[in-house]
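*Asks:* After the structure tokens below, expect a handful of questions from me.
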Amino acid sequence: MRRNIAAGTLGTVWMVAVYGLPLPLFMQAIHATGFQLGLMGAVRQAAMFAQLPSAFFVERLHTRKPFWALVAITHRSLWLVPAFLPLLWPAGQAHWVPVLIVALGLSDALGNAATAPWLSWMADLLPAGRAGRFWGGRQRFVSASVLLAALSYGWILDAFGKNGLMGFTVVFVIAAAFGISDIVVHLGVTEPPQTRSVPGHSPWRRFLVPLRDRDFRRVTLAMGAWMAALALPGYYYGVPGFFNVVYLHESFGATYSEASCLILFSALGAIVWSRLIGHRIDVFGVRVVAMSLAAIGPFFTLAWFFASPNPWTVPFIGPVPQPVLLMSAASLIIGGCYACMQLCQYRFTQALTLGHGRTVAMAVHWSFTGIIGSFGALTGGWIKDHMPAAWSHWTVPGGASFSYFHVLILLQILIAWGVTVPLLASVRGGRHEPAPQS
């Protein structure tokens, strides 16, 4: 378990560059449109479908680890493309955005192909009665490394700000190195024997088996809606990215370091809440906890409506954009709730799948949630490009101009409260999971 946590900590340094502020700010710096930003997010969500063919293949193997390692290392290595693209092809700047979408889309497809065996590997490894506590404890270590990575990336981007895109090159090289190191360390984690698929069963039949379960269908739809809701403003569970940081940078002139504060405080929220929430999952059941998180987290995103264009003066620092301070405080709750929803999703998929056919069943769940989530990212990009200009003459209670981002926040809340929470409430199983015996 310690090796698993150590590997996850290394992988988080990679994750902060991939799902945090560096990628959306890099795409903004090379003049990507709102639709292209949304398309990038949508491709990454839709890439979850790659889990399905991977699962069909992996369930026929004696061991998952070699396939997982080869695919995962290739996936992480592709993040050298945004690192070296400006250096190796400076004349092709007009084509950088399409190249990035294709290369990183391929990377995400390979990453999800590696995720399918990893999820079933972890589900087989962890005792069901203590899984919530394990994921909660792991999340604390992972979130601690988010703090260091976000601070470091913000400082690097600001330090190299006068040198064009060099700061992004440094960040993406560091991310790729740590991402590959994560895979190498993870190779030392024990892999329990896999329950292989029964010969003669067609892929279509294996695909349909989990979908016949009512609770499985409803949890999959609920989490798909949740991922679409998060993708609208650009959250990846507890990590704010894409439109969060682009809006903060464009509308309030926040520096890279200031924008990274949202990630820092989101990580602090995950550290504070993850162990408690993990324990609550084991005691009260994942359904009750997930409903609570899906109701509470989005409520605090309404703080964006109290953003002010006037900076606040912080002692020993000086003027800081007010939304940086406001949303950093709110992120202590938002980050904790959104990160712990990922723990709930892990626990749901473990509880609703069995050893036989587990890899395929998990892949079916994550594939559907990814495809549903991709519509959120596409919608966010479309709204950014097409919001009527007249709406910007309105002001929110805090004094800032009403923008596309406030529309995304309202849509996020509508989906979370109107779709995710009711679907989770209708789930019959998993309501009273007993606490593990000490």
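Identifiers for the structure tokens are assigned positionally: chains receive A, B, ... in sequence, residues are indexed from 1 per chain, and ligands are indexed from 1 in the order shown.
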Near Ile174 (chain A), counting only C-alpha atoms, which residues have an atom at most 12 Å away, once you skip same-chain residues fewer than 6 positions from it, shown as a ChimeraX atom specification?

*Replies:* /A:10-18,22,76-77,79-80,83,149,152-153,156,167-168,180-181

*Asks:* I'd like the contact shell of Ser260 (chain A) - 9 Å cut-off, only C-alpha atoms, skipping same-chain residues fewer than 6 positions apart - returned as a PyMOL selection string.

*Replies:* chain A and resi 20-21+150-151+153-154+245

*Asks:* Could you give me, as a list in words, the residues within 10 Å of Val184 (chain A), counting only C-alpha atoms and dropping anything in the same chain fewer than 6 positions from it?

*Replies:*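 Those residues are Ala7, Ala69, Ala72, Ile73 and Phe178 of chain A.
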
*Asks:* Residues of region 179-286 of chain A in strand (DSSP E or B) according to DSSP, as a PyMOL selection string?

*Replies:* chain A and resi 235-236+239-240

*Asks:* Excluding Thr169 (chain A) and its own-chain neighbours fewer than 4 positions away, which residues fall within 7 Å of it when counting only C-alpha atoms? Please give them as a PyMOL selection string.

*Replies:* chain A and resi 83-84+165+173

*Asks:* What are the nearest atom pairs, with distances in Å to one decimal, for all residues of region 87-175 of chain A that come at most 6 Å from region 346-368 of chain A, using only C-alpha atoms, set out by chain and rising residue number as JSON lines?

*Replies:*
{"residue": "A:Ala116", "atom": "CA", "partner": "A:Ala363", "partner_atom": "CA", "distance": 5.7}
{"residue": "A:Ser120", "atom": "CA", "partner": "A:Thr359", "partner_atom": "CA", "distance": 5.2}
{"residue": "A:Ala123", "atom": "CA", "partner": "A:Gln350", "partner_atom": "CA", "distance": 5.8}
